[in-house]
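Text of input_27.txt, listed as compact mmCIF, N, CA and C atoms:
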# COMPACT_ATOMS: atom_id res chain seq x y z
N MET J 602 -76.19 18.65 -60.41
CA MET J 602 -75.87 19.02 -59.05
C MET J 602 -74.60 18.26 -58.63
N PHE J 603 -73.69 18.95 -58.02
CA PHE J 603 -72.45 18.36 -57.54
C PHE J 603 -72.35 18.54 -56.04
N ILE J 604 -71.84 17.51 -55.39
CA ILE J 604 -71.60 17.57 -53.95
C ILE J 604 -70.12 17.38 -53.74
N LYS J 605 -69.47 18.33 -53.11
CA LYS J 605 -68.05 18.20 -52.81
C LYS J 605 -67.88 17.40 -51.52
N LEU J 606 -66.99 16.44 -51.57
CA LEU J 606 -66.74 15.59 -50.42
C LEU J 606 -65.33 15.82 -49.89
N ASN J 607 -64.97 17.08 -49.76
CA ASN J 607 -63.64 17.42 -49.27
C ASN J 607 -63.44 16.89 -47.86
N GLY J 608 -62.29 16.28 -47.64
CA GLY J 608 -61.93 15.82 -46.31
C GLY J 608 -62.48 14.46 -45.95
N ILE J 609 -63.24 13.83 -46.84
CA ILE J 609 -63.75 12.49 -46.55
C ILE J 609 -63.03 11.52 -47.49
N ASP J 610 -61.89 11.03 -47.02
CA ASP J 610 -61.07 10.15 -47.85
C ASP J 610 -61.27 8.68 -47.52
N ASP J 611 -61.67 8.38 -46.29
CA ASP J 611 -61.82 7.00 -45.88
C ASP J 611 -63.12 6.42 -46.42
N LYS J 612 -63.09 5.13 -46.74
CA LYS J 612 -64.31 4.51 -47.23
C LYS J 612 -64.57 3.19 -46.53
N ILE J 613 -65.83 2.81 -46.53
CA ILE J 613 -66.27 1.55 -45.95
C ILE J 613 -67.05 0.82 -47.03
N ILE J 614 -66.76 -0.47 -47.18
CA ILE J 614 -67.48 -1.29 -48.15
C ILE J 614 -68.41 -2.21 -47.38
N LEU J 615 -69.70 -2.17 -47.74
CA LEU J 615 -70.71 -2.98 -47.07
C LEU J 615 -71.29 -4.02 -48.02
N ASP J 616 -71.67 -5.18 -47.49
CA ASP J 616 -72.38 -6.15 -48.32
C ASP J 616 -73.84 -5.72 -48.46
N SER J 617 -74.59 -6.37 -49.33
CA SER J 617 -75.95 -5.92 -49.65
C SER J 617 -76.87 -5.96 -48.43
N LYS J 618 -76.70 -6.93 -47.55
CA LYS J 618 -77.54 -7.00 -46.35
C LYS J 618 -77.30 -5.79 -45.45
N LYS J 619 -76.03 -5.45 -45.23
CA LYS J 619 -75.71 -4.30 -44.38
C LYS J 619 -76.11 -2.98 -45.04
N ILE J 620 -76.03 -2.91 -46.37
CA ILE J 620 -76.47 -1.69 -47.06
C ILE J 620 -77.95 -1.46 -46.84
N LYS J 621 -78.75 -2.51 -46.94
CA LYS J 621 -80.19 -2.36 -46.72
C LYS J 621 -80.48 -1.87 -45.30
N LEU J 622 -79.77 -2.42 -44.32
CA LEU J 622 -79.95 -1.95 -42.94
C LEU J 622 -79.52 -0.49 -42.81
N PHE J 623 -78.37 -0.16 -43.38
CA PHE J 623 -77.83 1.20 -43.36
C PHE J 623 -78.83 2.19 -43.96
N LEU J 624 -79.41 1.84 -45.12
CA LEU J 624 -80.35 2.73 -45.80
C LEU J 624 -81.65 2.90 -45.02
N ASN J 625 -82.00 1.91 -44.21
CA ASN J 625 -83.22 2.00 -43.41
C ASN J 625 -82.98 2.64 -42.05
N GLY J 626 -81.78 3.19 -41.84
CA GLY J 626 -81.51 3.95 -40.62
C GLY J 626 -80.98 3.14 -39.46
N VAL J 627 -80.69 1.86 -39.68
CA VAL J 627 -80.14 1.03 -38.61
C VAL J 627 -78.67 1.40 -38.41
N LYS J 628 -78.28 1.62 -37.16
CA LYS J 628 -76.88 1.88 -36.85
C LYS J 628 -76.12 0.56 -36.84
N LEU J 629 -75.03 0.51 -37.60
CA LEU J 629 -74.24 -0.71 -37.72
C LEU J 629 -73.00 -0.64 -36.85
N SER J 630 -72.67 -1.74 -36.23
CA SER J 630 -71.47 -1.82 -35.41
C SER J 630 -70.25 -1.95 -36.33
N ILE J 631 -69.37 -0.95 -36.30
CA ILE J 631 -68.17 -0.92 -37.12
C ILE J 631 -67.01 -0.53 -36.20
N ASN J 632 -65.98 -1.35 -36.19
CA ASN J 632 -64.83 -1.07 -35.34
C ASN J 632 -63.85 -0.18 -36.11
N SER J 633 -64.05 1.12 -36.03
CA SER J 633 -63.20 2.08 -36.72
C SER J 633 -63.25 3.40 -35.97
N LYS J 634 -62.34 4.31 -36.34
CA LYS J 634 -62.28 5.60 -35.64
C LYS J 634 -63.49 6.46 -35.99
N ASP J 635 -63.85 7.34 -35.08
CA ASP J 635 -64.95 8.27 -35.31
C ASP J 635 -64.66 9.17 -36.50
N GLY J 636 -65.70 9.50 -37.26
CA GLY J 636 -65.55 10.40 -38.39
C GLY J 636 -66.51 10.06 -39.51
N GLU J 637 -66.39 10.79 -40.62
CA GLU J 637 -67.24 10.58 -41.78
C GLU J 637 -66.54 9.67 -42.79
N TYR J 638 -67.34 8.85 -43.45
CA TYR J 638 -66.82 7.87 -44.40
C TYR J 638 -67.69 7.83 -45.65
N ARG J 639 -67.06 7.54 -46.77
CA ARG J 639 -67.79 7.25 -48.00
C ARG J 639 -68.22 5.79 -47.90
N ILE J 640 -69.47 5.52 -48.25
CA ILE J 640 -70.01 4.16 -48.17
C ILE J 640 -70.17 3.61 -49.58
N TYR J 641 -69.61 2.41 -49.80
CA TYR J 641 -69.67 1.74 -51.10
C TYR J 641 -70.22 0.33 -50.95
N SER J 642 -70.81 -0.16 -52.05
CA SER J 642 -71.22 -1.56 -52.10
C SER J 642 -70.01 -2.40 -52.50
N ARG J 643 -70.15 -3.72 -52.41
CA ARG J 643 -69.06 -4.61 -52.84
C ARG J 643 -68.82 -4.50 -54.34
N GLU J 644 -69.83 -4.01 -55.06
CA GLU J 644 -69.69 -3.79 -56.51
C GLU J 644 -69.07 -2.45 -56.83
N ASN J 645 -68.58 -1.77 -55.79
CA ASN J 645 -67.92 -0.46 -55.88
C ASN J 645 -68.86 0.66 -56.32
N LEU J 646 -70.16 0.54 -55.98
CA LEU J 646 -71.12 1.62 -56.23
C LEU J 646 -71.15 2.53 -55.01
N PHE J 647 -71.08 3.84 -55.26
CA PHE J 647 -71.11 4.81 -54.17
C PHE J 647 -72.54 4.90 -53.66
N ILE J 648 -72.74 4.63 -52.37
CA ILE J 648 -74.07 4.64 -51.75
C ILE J 648 -74.35 5.98 -51.07
N GLY J 649 -73.35 6.53 -50.39
CA GLY J 649 -73.55 7.79 -49.69
C GLY J 649 -72.48 8.03 -48.64
N ILE J 650 -72.83 8.86 -47.68
CA ILE J 650 -71.91 9.23 -46.60
C ILE J 650 -72.47 8.71 -45.29
N GLY J 651 -71.57 8.17 -44.47
CA GLY J 651 -71.95 7.73 -43.14
C GLY J 651 -71.02 8.31 -42.11
N ARG J 652 -71.47 8.30 -40.88
CA ARG J 652 -70.65 8.83 -39.78
C ARG J 652 -70.53 7.75 -38.71
N ILE J 653 -69.29 7.53 -38.28
CA ILE J 653 -69.04 6.60 -37.18
C ILE J 653 -68.83 7.41 -35.91
N LYS J 654 -69.56 7.02 -34.88
CA LYS J 654 -69.40 7.62 -33.56
C LYS J 654 -69.57 6.48 -32.56
N ASN J 655 -68.58 6.31 -31.70
CA ASN J 655 -68.59 5.23 -30.69
C ASN J 655 -68.79 3.86 -31.34
N ASN J 656 -68.09 3.62 -32.45
CA ASN J 656 -68.12 2.36 -33.20
C ASN J 656 -69.49 2.01 -33.79
N LEU J 657 -70.35 3.01 -33.99
CA LEU J 657 -71.64 2.81 -34.65
C LEU J 657 -71.70 3.67 -35.90
N LEU J 658 -71.99 3.04 -37.04
CA LEU J 658 -72.11 3.73 -38.31
C LEU J 658 -73.55 4.13 -38.55
N LYS J 659 -73.77 5.42 -38.82
CA LYS J 659 -75.09 5.97 -39.06
C LYS J 659 -75.07 6.67 -40.41
N ARG J 660 -76.16 6.56 -41.17
CA ARG J 660 -76.19 7.23 -42.47
C ARG J 660 -76.34 8.74 -42.28
N GLU J 661 -75.70 9.48 -43.16
CA GLU J 661 -75.80 10.94 -43.16
C GLU J 661 -76.42 11.43 -44.46
N ILE J 662 -75.83 11.02 -45.58
CA ILE J 662 -76.33 11.41 -46.90
C ILE J 662 -76.41 10.16 -47.76
N VAL J 663 -77.57 9.92 -48.36
CA VAL J 663 -77.75 8.78 -49.25
C VAL J 663 -77.82 9.29 -50.68
N ILE J 664 -76.96 8.74 -51.54
CA ILE J 664 -76.93 9.11 -52.95
C ILE J 664 -77.68 8.08 -53.78
N ASP J 665 -77.46 6.79 -53.51
CA ASP J 665 -78.07 5.71 -54.28
C ASP J 665 -78.78 4.78 -53.31
N ASP J 666 -80.13 4.79 -53.35
CA ASP J 666 -80.87 3.91 -52.45
C ASP J 666 -81.53 2.76 -53.20
N SER J 667 -80.99 2.39 -54.36
CA SER J 667 -81.56 1.29 -55.14
C SER J 667 -81.50 -0.04 -54.38
N TYR J 668 -80.57 -0.18 -53.45
CA TYR J 668 -80.50 -1.40 -52.64
C TYR J 668 -81.73 -1.53 -51.75
N LYS J 669 -82.29 -0.39 -51.34
CA LYS J 669 -83.44 -0.40 -50.45
C LYS J 669 -84.66 -0.99 -51.16
N THR J 670 -84.80 -0.67 -52.42
CA THR J 670 -85.97 -1.13 -53.18
C THR J 670 -85.69 -2.40 -53.97
N GLY J 671 -84.42 -2.76 -54.08
CA GLY J 671 -84.07 -3.96 -54.82
C GLY J 671 -83.96 -3.74 -56.31
N ILE J 672 -83.95 -2.47 -56.74
CA ILE J 672 -83.85 -2.15 -58.18
C ILE J 672 -82.43 -2.29 -58.65
Render the structure in this file as structure tokens.
Amino acid sequence: MFIKLNGIDDKIILDSKKIKLFLNGVKLSINSKDGEYRIYSRENLFIGIGRIKNNLLKREIVIDDSYKTGI
């Protein structure tokens, strides 16, 4: 299965603590413009897609949730 991510060029890198919060649905305060972003770990692993609205990052699509379980 392939997912095209056309038009989502910006990325945000989160540390492991923020990734766990992000994966559990917590909105994170991020000072950036509204829009969709690719979310990566500090190890450069693609986690999924998030959306910033009013400086709050919310998860949209999760590809790798191994951070949630600690695997």
Original post:
How would you write, as a PyMOL selection string, the set of residues in region 608-640 of chain J that DSSP gives as alpha helix (DSSP H)?
Top reply: chain J and resi 617-624
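For the residues J:Val663, J:Leu622, J:Leu658, J:Ile614, ranking by smallest atom-to-atom distance to Asn645 (chain J) using only C-alpha atoms places J:Ile614 first.
Looking only at chain J, the set that DSSP places in strand (DSSP E) from backbone geometry is J:Lys612, J:Ile613, J:Ile614, J:Leu615, J:Leu629, J:Ser630, J:Gly636, J:Glu637, J:Tyr638, J:Arg639, J:Ile640, J:Tyr641, J:Ser642, J:Phe647, J:Ile648, J:Gly649, J:Ile650, J:Gly651, J:Arg652, J:Ile653, J:Lys654, J:Leu657, J:Leu658, J:Lys659, J:Arg660, J:Glu661, J:Ile662, J:Val663.
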**OP:** Excluding Tyr641 (chain J) and residues on its chain fewer than 4 positions from it, collect all residues at most 5 Å away from it, counting only N, CA and C atoms, and give them as a list in words.
**Re:**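 Surrounding residues, per the criterion: Ile613, Ile614, Leu615, Leu646, Phe647 and Ile648 of chain J.
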Please identify every residue of region 644-664 of chain J that has at least one atom no farther than 12 Å from an atom of region 623-627 of chain J, counting only C-alpha atoms, and for each give the shortest atom pair and the distance in Å to one decimal, arranged by chain then increasing number, as a Markdown table.
| residue | atom | partner | partner_atom | distance |
| --- | --- | --- | --- | --- |
| J:Ile648 | CA | J:Leu624 | CA | 8.9 |
| J:Gly649 | CA | J:Leu624 | CA | 9.3 |
| J:Ile650 | CA | J:Phe623 | CA | 10.5 |
| J:Gly651 | CA | J:Phe623 | CA | 8.8 |
| J:Arg652 | CA | J:Phe623 | CA | 11.1 |
| J:Leu657 | CA | J:Val627 | CA | 9.5 |
| J:Leu658 | CA | J:Phe623 | CA | 8.0 |
| J:Lys659 | CA | J:Gly626 | CA | 6.9 |
| J:Arg660 | CA | J:Phe623 | CA | 6.3 |
| J:Glu661 | CA | J:Gly626 | CA | 9.4 |
| J:Ile662 | CA | J:Leu624 | CA | 9.6 |
| J:Val663 | CA | J:Leu624 | CA | 7.4 |
| J:Ile664 | CA | J:Leu624 | CA | 10.2 |
Enclosing box along x, y and z for every listed atom of region 650-659 of chain J, padded 4 Å each side, centre and size in Å, one decimal, as JSON:
{"center_x": -71.6, "center_y": 5.6, "center_z": -39.2, "size_x": 15.0, "size_y": 15.2, "size_z": 25.0}
**OP:** Compile the contact shell of Asp635 (chain J) as a list of chain:residue names: residues with an atom at most 6.5 Å away, counting all atoms listed in the file, same-chain residues fewer than 4 positions apart removed.
**Re:**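 Everything that qualifies: J:Arg652, J:Ile653, J:Lys654, J:Asn655, J:Asn656.
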Subject >> Length of the CA of Glu637 (chain J) to CA of Lys612 (chain J) vector [Å] >> reply: 8.7 Å
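Closest approach to Ser642 (chain J) among J:Ser630, J:Asp616, J:Asp611, J:Asp665: J:Asp616, based on all atoms listed in the file.
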